[in-house]
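File shown: my_file.tsv (TSV, N, CA and C atoms).
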chain	number	residue	atom	x	y	z
A	1	MET	N	-8.54	4.41	-18.48
A	1	MET	CA	-9.87	3.87	-18.65
A	1	MET	C	-10.80	4.98	-19.12
A	2	THR	N	-11.69	4.67	-20.02
A	2	THR	CA	-12.67	5.63	-20.52
A	2	THR	C	-14.06	5.19	-20.07
A	3	TYR	N	-14.83	6.14	-19.54
A	3	TYR	CA	-16.19	5.85	-19.07
A	3	TYR	C	-17.09	6.94	-19.59
A	4	ALA	N	-18.19	6.59	-20.22
A	4	ALA	CA	-19.01	7.62	-20.85
A	4	ALA	C	-20.49	7.35	-20.63
A	5	ARG	N	-21.26	8.42	-20.50
A	5	ARG	CA	-22.71	8.34	-20.54
A	5	ARG	C	-23.14	9.00	-21.84
A	6	VAL	N	-23.92	8.30	-22.63
A	6	VAL	CA	-24.29	8.77	-23.95
A	6	VAL	C	-25.74	9.22	-23.93
A	7	ALA	N	-26.01	10.43	-24.39
A	7	ALA	CA	-27.36	11.00	-24.35
A	7	ALA	C	-28.29	10.27	-25.32
A	8	ALA	N	-29.58	10.17	-24.94
A	8	ALA	CA	-30.59	9.50	-25.77
A	8	ALA	C	-30.75	10.23	-27.10
A	9	GLY	N	-30.93	9.47	-28.17
A	9	GLY	CA	-31.21	10.06	-29.47
A	9	GLY	C	-30.00	10.57	-30.22
A	10	ASN	N	-28.82	10.41	-29.67
A	10	ASN	CA	-27.62	10.93	-30.32
A	10	ASN	C	-26.62	9.82	-30.60
A	11	THR	N	-25.87	10.02	-31.65
A	11	THR	CA	-24.70	9.18	-31.85
A	11	THR	C	-23.55	9.94	-31.19
A	12	SER	N	-22.91	9.32	-30.25
A	12	SER	CA	-21.91	10.02	-29.48
A	12	SER	C	-20.78	9.08	-29.12
A	13	TRP	N	-19.63	9.64	-28.78
A	13	TRP	CA	-18.52	8.82	-28.35
A	13	TRP	C	-17.64	9.57	-27.36
A	14	ARG	N	-16.95	8.81	-26.58
A	14	ARG	CA	-15.96	9.34	-25.65
A	14	ARG	C	-14.68	8.57	-25.90
A	15	SER	N	-13.55	9.21	-25.70
A	15	SER	CA	-12.31	8.53	-26.01
A	15	SER	C	-11.19	8.98	-25.09
A	16	GLY	N	-10.14	8.23	-25.12
A	16	GLY	CA	-8.92	8.57	-24.40
A	16	GLY	C	-7.73	8.28	-25.30
A	17	ARG	N	-6.67	9.07	-25.17
A	17	ARG	CA	-5.45	8.86	-25.94
A	17	ARG	C	-4.28	8.77	-24.98
A	18	PHE	N	-3.39	7.86	-25.30
A	18	PHE	CA	-2.19	7.67	-24.50
A	18	PHE	C	-1.01	7.56	-25.46
A	19	HIS	N	0.16	7.99	-25.03
A	19	HIS	CA	1.34	7.82	-25.89
A	19	HIS	C	2.53	7.39	-25.06
A	20	THR	N	3.45	6.69	-25.72
A	20	THR	CA	4.66	6.23	-25.05
A	20	THR	C	5.72	7.33	-25.14
A	21	SER	N	6.69	7.26	-24.25
A	21	SER	CA	7.75	8.28	-24.22
A	21	SER	C	8.75	8.03	-25.34
A	22	ALA	N	9.71	8.92	-25.46
A	22	ALA	CA	10.73	8.80	-26.50
A	22	ALA	C	11.67	7.63	-26.24
A	23	THR	N	11.72	7.13	-25.02
A	23	THR	CA	12.67	6.07	-24.68
A	23	THR	C	12.01	4.73	-24.35
A	24	ASP	N	10.69	4.69	-24.26
A	24	ASP	CA	10.00	3.45	-23.88
A	24	ASP	C	9.24	2.84	-25.05
A	25	VAL	N	9.08	1.53	-24.99
A	25	VAL	CA	8.21	0.79	-25.90
A	25	VAL	C	7.13	0.16	-25.03
A	26	ALA	N	5.90	0.11	-25.52
A	26	ALA	CA	4.80	-0.43	-24.73
A	26	ALA	C	4.23	-1.67	-25.42
A	27	TYR	N	3.62	-2.53	-24.60
A	27	TYR	CA	2.96	-3.73	-25.11
A	27	TYR	C	1.58	-3.83	-24.47
A	28	ILE	N	0.56	-4.08	-25.29
A	28	ILE	CA	-0.80	-4.27	-24.81
A	28	ILE	C	-1.13	-5.75	-25.00
A	29	ASP	N	-1.40	-6.45	-23.90
A	29	ASP	CA	-1.73	-7.86	-24.04
A	29	ASP	C	-3.14	-8.19	-23.58
A	30	GLN	N	-3.86	-7.19	-23.03
A	30	GLN	CA	-5.22	-7.45	-22.56
A	30	GLN	C	-6.07	-6.19	-22.71
A	31	TRP	N	-7.34	-6.39	-23.11
A	31	TRP	CA	-8.26	-5.28	-23.29
A	31	TRP	C	-9.64	-5.72	-22.81
A	32	CYS	N	-10.30	-4.85	-22.05
A	32	CYS	CA	-11.65	-5.13	-21.54
A	32	CYS	C	-12.60	-4.03	-22.02
A	33	PHE	N	-13.83	-4.41	-22.35
A	33	PHE	CA	-14.85	-3.41	-22.64
A	33	PHE	C	-16.21	-3.99	-22.28
A	34	GLY	N	-17.13	-3.10	-21.96
A	34	GLY	CA	-18.47	-3.54	-21.58
A	34	GLY	C	-19.45	-2.39	-21.69
A	35	ALA	N	-20.74	-2.74	-21.58
A	35	ALA	CA	-21.79	-1.73	-21.68
A	35	ALA	C	-23.00	-2.15	-20.87
A	36	CYS	N	-23.73	-1.16	-20.37
A	36	CYS	CA	-24.97	-1.41	-19.63
A	36	CYS	C	-26.16	-1.03	-20.50
A	37	ALA	N	-27.12	-1.90	-20.60
A	37	ALA	CA	-28.45	-1.67	-21.19
A	37	ALA	C	-28.49	-1.60	-22.71
A	38	THR	N	-27.69	-0.79	-23.36
A	38	THR	CA	-27.81	-0.62	-24.81
A	38	THR	C	-26.52	-0.99	-25.51
A	39	PRO	N	-26.60	-1.34	-26.80
A	39	PRO	CA	-25.38	-1.70	-27.53
A	39	PRO	C	-24.40	-0.54	-27.63
A	40	VAL	N	-23.16	-0.83	-27.34
A	40	VAL	CA	-22.08	0.14	-27.46
A	40	VAL	C	-20.93	-0.53	-28.20
A	41	ARG	N	-20.39	0.16	-29.19
A	41	ARG	CA	-19.23	-0.34	-29.92
A	41	ARG	C	-17.97	0.22	-29.27
A	42	ALA	N	-17.02	-0.64	-29.04
A	42	ALA	CA	-15.75	-0.22	-28.43
A	42	ALA	C	-14.62	-0.50	-29.41
A	43	GLU	N	-13.62	0.39	-29.41
A	43	GLU	CA	-12.47	0.23	-30.29
A	43	GLU	C	-11.19	0.53	-29.53
A	44	LEU	N	-10.15	-0.17	-29.89
A	44	LEU	CA	-8.80	0.10	-29.41
A	44	LEU	C	-7.90	0.11	-30.63
A	45	MET	N	-7.13	1.19	-30.80
A	45	MET	CA	-6.22	1.29	-31.94
A	45	MET	C	-4.85	1.75	-31.46
A	46	ALA	N	-3.82	1.34	-32.16
A	46	ALA	CA	-2.46	1.79	-31.89
A	46	ALA	C	-1.89	2.34	-33.18
A	47	SER	N	-1.07	3.39	-33.08
A	47	SER	CA	-0.46	3.98	-34.27
A	47	SER	C	1.02	4.29	-34.00
A	48	THR	N	1.70	4.61	-35.06
A	48	THR	CA	3.12	4.92	-34.99
A	48	THR	C	3.33	6.37	-34.55
A	49	VAL	N	4.58	6.79	-34.56
A	49	VAL	CA	4.95	8.16	-34.21
A	49	VAL	C	4.13	9.12	-35.05
A	50	GLY	N	3.63	10.17	-34.45
A	50	GLY	CA	2.82	11.16	-35.15
A	50	GLY	C	1.34	10.98	-34.91
A	51	GLY	N	0.96	9.87	-34.28
A	51	GLY	CA	-0.43	9.66	-33.95
A	51	GLY	C	-1.26	9.29	-35.16
A	52	PHE	N	-2.56	9.46	-35.06
A	52	PHE	CA	-3.47	8.99	-36.09
A	52	PHE	C	-3.61	9.96	-37.25
A	53	ASP	N	-3.16	11.19	-37.07
A	53	ASP	CA	-3.22	12.16	-38.17
A	53	ASP	C	-2.07	11.94	-39.16
A	54	GLN	N	-0.88	11.59	-38.64
A	54	GLN	CA	0.30	11.48	-39.49
A	54	GLN	C	0.87	10.07	-39.53
A	55	GLY	N	0.66	9.28	-38.50
A	55	GLY	CA	1.24	7.95	-38.44
A	55	GLY	C	0.30	6.89	-38.97
A	56	ALA	N	0.83	5.70	-39.18
A	56	ALA	CA	0.03	4.58	-39.67
A	56	ALA	C	-0.61	3.84	-38.50
A	57	VAL	N	-1.83	3.32	-38.71
A	57	VAL	CA	-2.47	2.47	-37.72
A	57	VAL	C	-1.80	1.10	-37.81
A	58	ILE	N	-1.26	0.62	-36.69
A	58	ILE	CA	-0.53	-0.65	-36.71
A	58	ILE	C	-1.34	-1.79	-36.11
A	59	ALA	N	-2.39	-1.47	-35.36
A	59	ALA	CA	-3.24	-2.51	-34.76
A	59	ALA	C	-4.61	-1.92	-34.49
A	60	ARG	N	-5.64	-2.78	-34.60
A	60	ARG	CA	-7.00	-2.33	-34.32
A	60	ARG	C	-7.81	-3.52	-33.83
A	61	ALA	N	-8.56	-3.30	-32.76
A	61	ALA	CA	-9.47	-4.32	-32.23
A	61	ALA	C	-10.78	-3.64	-31.92
A	62	MET	N	-11.89	-4.35	-32.15
A	62	MET	CA	-13.19	-3.75	-31.87
A	62	MET	C	-14.20	-4.83	-31.51
A	63	GLY	N	-15.28	-4.41	-30.87
A	63	GLY	CA	-16.34	-5.32	-30.50
A	63	GLY	C	-17.55	-4.55	-30.05
A	64	THR	N	-18.67	-5.26	-29.87
A	64	THR	CA	-19.91	-4.64	-29.41
A	64	THR	C	-20.38	-5.33	-28.15
A	65	ALA	N	-20.80	-4.54	-27.18
A	65	ALA	CA	-21.32	-5.08	-25.92
A	65	ALA	C	-22.69	-4.49	-25.66
A	66	SER	N	-23.56	-5.26	-25.03
A	66	SER	CA	-24.89	-4.79	-24.65
A	66	SER	C	-25.30	-5.50	-23.37
A	67	ASP	N	-25.19	-4.81	-22.26
A	67	ASP	CA	-25.49	-5.36	-20.94
A	67	ASP	C	-24.59	-6.56	-20.62
A	68	ASN	N	-23.34	-6.48	-21.10
A	68	ASN	CA	-22.35	-7.51	-20.80
A	68	ASN	C	-20.96	-6.91	-20.97
A	69	SER	N	-19.94	-7.71	-20.76
A	69	SER	CA	-18.57	-7.24	-20.92
A	69	SER	C	-17.70	-8.35	-21.50
A	70	PHE	N	-16.57	-7.94	-22.06
A	70	PHE	CA	-15.65	-8.88	-22.69
A	70	PHE	C	-14.23	-8.58	-22.23
A	71	ASN	N	-13.46	-9.62	-22.04
A	71	ASN	CA	-12.05	-9.50	-21.72
A	71	ASN	C	-11.28	-10.21	-22.83
A	72	ILE	N	-10.47	-9.47	-23.55
A	72	ILE	CA	-9.75	-10.02	-24.69
A	72	ILE	C	-8.27	-10.09	-24.35
A	73	CYS	N	-7.68	-11.27	-24.47
A	73	CYS	CA	-6.25	-11.46	-24.28
A	73	CYS	C	-5.64	-11.70	-25.66
A	74	PHE	N	-4.74	-10.83	-26.08
A	74	PHE	CA	-4.11	-10.97	-27.38
A	74	PHE	C	-3.01	-12.02	-27.31
A	75	PRO	N	-3.03	-13.02	-28.19
A	75	PRO	CA	-2.00	-14.07	-28.14
A	75	PRO	C	-0.60	-13.51	-28.43
A	76	VAL	N	-0.55	-12.47	-29.26
A	76	VAL	CA	0.70	-11.75	-29.50
A	76	VAL	C	0.44	-10.31	-29.09
A	77	PRO	N	1.17	-9.80	-28.09
A	77	PRO	CA	0.91	-8.42	-27.62
A	77	PRO	C	1.05	-7.39	-28.74
A	78	ILE	N	0.22	-6.35	-28.67
A	78	ILE	CA	0.33	-5.23	-29.59
A	78	ILE	C	1.52	-4.40	-29.15
A	79	ARG	N	2.48	-4.19	-30.05
A	79	ARG	CA	3.68	-3.41	-29.73
A	79	ARG	C	3.46	-1.96	-30.15
A	80	VAL	N	3.64	-1.06	-29.20
A	80	VAL	CA	3.52	0.38	-29.46
A	80	VAL	C	4.92	0.97	-29.32
A	81	ALA	N	5.50	1.36	-30.44
A	81	ALA	CA	6.89	1.82	-30.47
A	81	ALA	C	7.10	3.13	-29.72
A	82	ASN	N	8.34	3.53	-29.60
A	82	ASN	CA	8.69	4.81	-28.99
A	82	ASN	C	7.85	5.92	-29.61
A	83	GLN	N	7.26	6.74	-28.77
A	83	GLN	CA	6.42	7.86	-29.18
A	83	GLN	C	5.21	7.42	-30.02
A	84	GLY	N	4.78	6.20	-29.84
A	84	GLY	CA	3.57	5.71	-30.50
A	84	GLY	C	2.35	6.09	-29.69
A	85	TYR	N	1.17	5.88	-30.26
A	85	TYR	CA	-0.08	6.30	-29.64
A	85	TYR	C	-1.05	5.13	-29.50
A	86	VAL	N	-1.88	5.20	-28.44
A	86	VAL	CA	-2.97	4.26	-28.24
A	86	VAL	C	-4.25	5.08	-28.10
A	87	PHE	N	-5.30	4.65	-28.77
A	87	PHE	CA	-6.57	5.37	-28.78
A	87	PHE	C	-7.67	4.38	-28.43
A	88	VAL	N	-8.48	4.69	-27.42
A	88	VAL	CA	-9.63	3.85	-27.06
A	88	VAL	C	-10.88	4.71	-27.09
A	89	ARG	N	-12.01	4.10	-27.51
A	89	ARG	CA	-13.24	4.86	-27.51
A	89	ARG	C	-14.44	3.92	-27.40
A	90	ALA	N	-15.54	4.50	-26.97
A	90	ALA	CA	-16.82	3.79	-26.89
A	90	ALA	C	-17.85	4.64	-27.63
A	91	ILE	N	-18.63	4.00	-28.50
A	91	ILE	CA	-19.59	4.70	-29.34
A	91	ILE	C	-20.96	4.06	-29.15
A	92	ALA	N	-22.00	4.89	-28.95
A	92	ALA	CA	-23.36	4.38	-28.79
A	92	ALA	C	-24.31	5.14	-29.70
A	93	ARG	N	-25.44	4.51	-30.01
A	93	ARG	CA	-26.46	5.15	-30.85
A	93	ARG	C	-27.79	5.11	-30.12
A	94	LYS	N	-28.62	6.10	-30.41
A	94	LYS	CA	-30.02	6.18	-29.99
A	94	LYS	C	-30.20	6.33	-28.49
A	95	THR	N	-30.45	5.26	-27.75
A	95	THR	CA	-30.82	5.39	-26.34
A	95	THR	C	-29.60	5.54	-25.44
A	96	ALA	N	-29.86	6.05	-24.25
A	96	ALA	CA	-28.77	6.29	-23.30
A	96	ALA	C	-28.14	4.98	-22.87
A	97	GLY	N	-26.86	5.02	-22.61
A	97	GLY	CA	-26.15	3.84	-22.15
A	97	GLY	C	-24.85	4.23	-21.47
A	98	LYS	N	-24.25	3.28	-20.81
A	98	LYS	CA	-22.96	3.52	-20.17
A	98	LYS	C	-21.97	2.51	-20.72
A	99	ALA	N	-20.75	2.96	-20.95
A	99	ALA	CA	-19.72	2.09	-21.48
A	99	ALA	C	-18.45	2.25	-20.67
A	100	ALA	N	-17.69	1.18	-20.60
A	100	ALA	CA	-16.39	1.22	-19.94
A	100	ALA	C	-15.39	0.45	-20.78
A	101	THR	N	-14.18	0.94	-20.87
A	101	THR	CA	-13.12	0.23	-21.58
A	101	THR	C	-11.79	0.49	-20.89
A	102	SER	N	-10.97	-0.53	-20.85
A	102	SER	CA	-9.64	-0.40	-20.23
A	102	SER	C	-8.69	-1.39	-20.88
A	103	PHE	N	-7.41	-1.12	-20.75
A	103	PHE	CA	-6.41	-2.05	-21.27
A	103	PHE	C	-5.19	-2.01	-20.37
A	104	ILE	N	-4.41	-3.06	-20.45
A	104	ILE	CA	-3.16	-3.14	-19.67
A	104	ILE	C	-2.02	-2.78	-20.60
A	105	LEU	N	-1.23	-1.78	-20.20
A	105	LEU	CA	-0.11	-1.28	-20.99
A	105	LEU	C	1.19	-1.54	-20.22
A	106	HIS	N	2.04	-2.40	-20.76
A	106	HIS	CA	3.33	-2.69	-20.14
A	106	HIS	C	4.40	-1.81	-20.80
A	107	MET	N	5.10	-1.01	-20.00
A	107	MET	CA	6.15	-0.14	-20.52
A	107	MET	C	7.50	-0.81	-20.31
A	108	VAL	N	8.31	-0.83	-21.38
A	108	VAL	CA	9.63	-1.43	-21.33
A	108	VAL	C	10.63	-0.35	-21.71
A	109	PRO	N	11.51	0.07	-20.77
A	109	PRO	CA	12.46	1.13	-21.08
A	109	PRO	C	13.53	0.67	-22.08
A	110	GLY	N	13.82	1.58	-23.01
A	110	GLY	CA	14.94	1.40	-23.91
A	110	GLY	C	14.88	0.23	-24.86
A	111	SER	N	13.70	-0.29	-25.19
A	111	SER	CA	13.63	-1.43	-26.11
A	111	SER	C	13.57	-0.96	-27.55
Whole structure given in structure tokens:
Amino acid sequence: MTYARVAAGNTSWRSGRFHTSATDVAYIDQWCFGACATPVRAELMASTVGGFDQGAVIARAMGTASDNSFNICFPVPIRVANQGYVFVRAIARKTAGKAATSFILHMVPGS
């Protein structure tokens, strides 16, 4: 889960990165994000082996929250292959705000 306080007057972001092991495959079927007081853009991305610098982005979801939250259930889970990466972040502009984002990652050995 990523939680950030964004300073007033700045464009800022906080993020977290996760990766699967060499023997596991992961599936993301649910993602939550929310914000207090000010608009915050949230993103969730998955990439192949090598991460976002060398690998291809295979899935991307985004949304904006402002004093509310959203729970997104993907009808087809996002598959993150062996040694794949997941990146989540929250981005805010101008006034201070708080953002939270989380997702459920199911690990399946040897798939």
Worksheet item: Quick one: residues within 6 Å of A:Met107, only N, CA and C atoms counted, chain neighbours fewer than 4 positions away excluded, as a list in words?
Response: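 Returned residues: Val25, Ala26 and Tyr27 of chain A.
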Worksheet item: Between atom CA of A:Ile78 and atom CA of A:Ala59, what is the spacing in Å?
Response: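 Spanning atom CA of A:Ala59 to atom CA of A:Ile78 is a straight-line distance of 6.8 Å.
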Fill in: Selected residue, from A:Thr20, A:Ile28, A:Val86, A:Phe33, that lies nearest to A:Asn71 when counting only C-alpha atoms
A:Phe33
Discussion item. I'd like the interatomic distance between atom CA of A:Pro109 and atom N of A:Arg60, to a tenth of an Å.
Written reply: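 Here the two named atoms are 22.9 Å from each other.
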Worksheet item: In Å, how far is it from atom C of A:Lys98 to atom CA of A:Ser47?
Response: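 Straight-line distance from atom C of A:Lys98 to atom CA of A:Ser47 works out to 25.5 Å.
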Leaving out A:Gly110 and any residue of its chain fewer than 5 positions from it, which residues lie within 8 Å of it when counting only N, CA and C atoms, given as a PDB file with N, CA and C atoms, in the frame of the given file?
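Writing the result to around16.pdb gives the following:
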ATOM      1  N   ALA A  22       9.710   8.920 -25.460  1.00  0.00           N
ATOM      2  CA  ALA A  22      10.730   8.800 -26.500  1.00  0.00           C
ATOM      3  C   ALA A  22      11.670   7.630 -26.240  1.00  0.00           C
ATOM      4  N   THR A  23      11.720   7.130 -25.020  1.00  0.00           N
ATOM      5  CA  THR A  23      12.670   6.070 -24.680  1.00  0.00           C
ATOM      6  C   THR A  23      12.010   4.730 -24.350  1.00  0.00           C
ATOM      7  N   ASP A  24      10.690   4.690 -24.260  1.00  0.00           N
ATOM      8  CA  ASP A  24      10.000   3.450 -23.880  1.00  0.00           C
ATOM      9  C   ASP A  24       9.240   2.840 -25.050  1.00  0.00           C
ATOM     10  N   VAL A  25       9.080   1.530 -24.990  1.00  0.00           N
ATOM     11  CA  VAL A  25       8.210   0.790 -25.900  1.00  0.00           C
ATOM     12  C   VAL A  25       7.130   0.160 -25.030  1.00  0.00           C
TER      13      VAL A  25
END
Item to complete: Check the smallest atom-to-atom distance from each of A:Thr48, A:Val80, A:Glu43, A:Trp31 to A:Gly63 using only N, CA and C atoms, then report the winner.
Response: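 When distances to A:Gly63 are compared using only N, CA and C atoms, the smallest one comes from A:Glu43.
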Worksheet item: For A:Ile58, which of A:Cys36, A:Ile72, A:Ala46, A:Ala99 is the closest residue, counting all atoms listed in the file?
Response: A:Ala46
Worksheet item: Which protein, DNA or RNA residues are at most 8 Å from (-5.0, -5.7, -21.0) in the file's coordinates when you count only C-alpha atoms, listed as a list in words?
Response: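 Here the neighbourhood of the point contains Ile28, Asp29, Gln30, Trp31, Cys32, Ile72, Cys73, Ser102, Phe103, Ile104 and Leu105 of chain A.
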Discussion item. Considering all atoms listed in the file, can you say which of A:Ala35, A:Ser21, A:Val108, A:Thr101 comes closest to A:Ser66?
Written reply: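 Distance minimum relative to A:Ser66 lands on A:Ala35.
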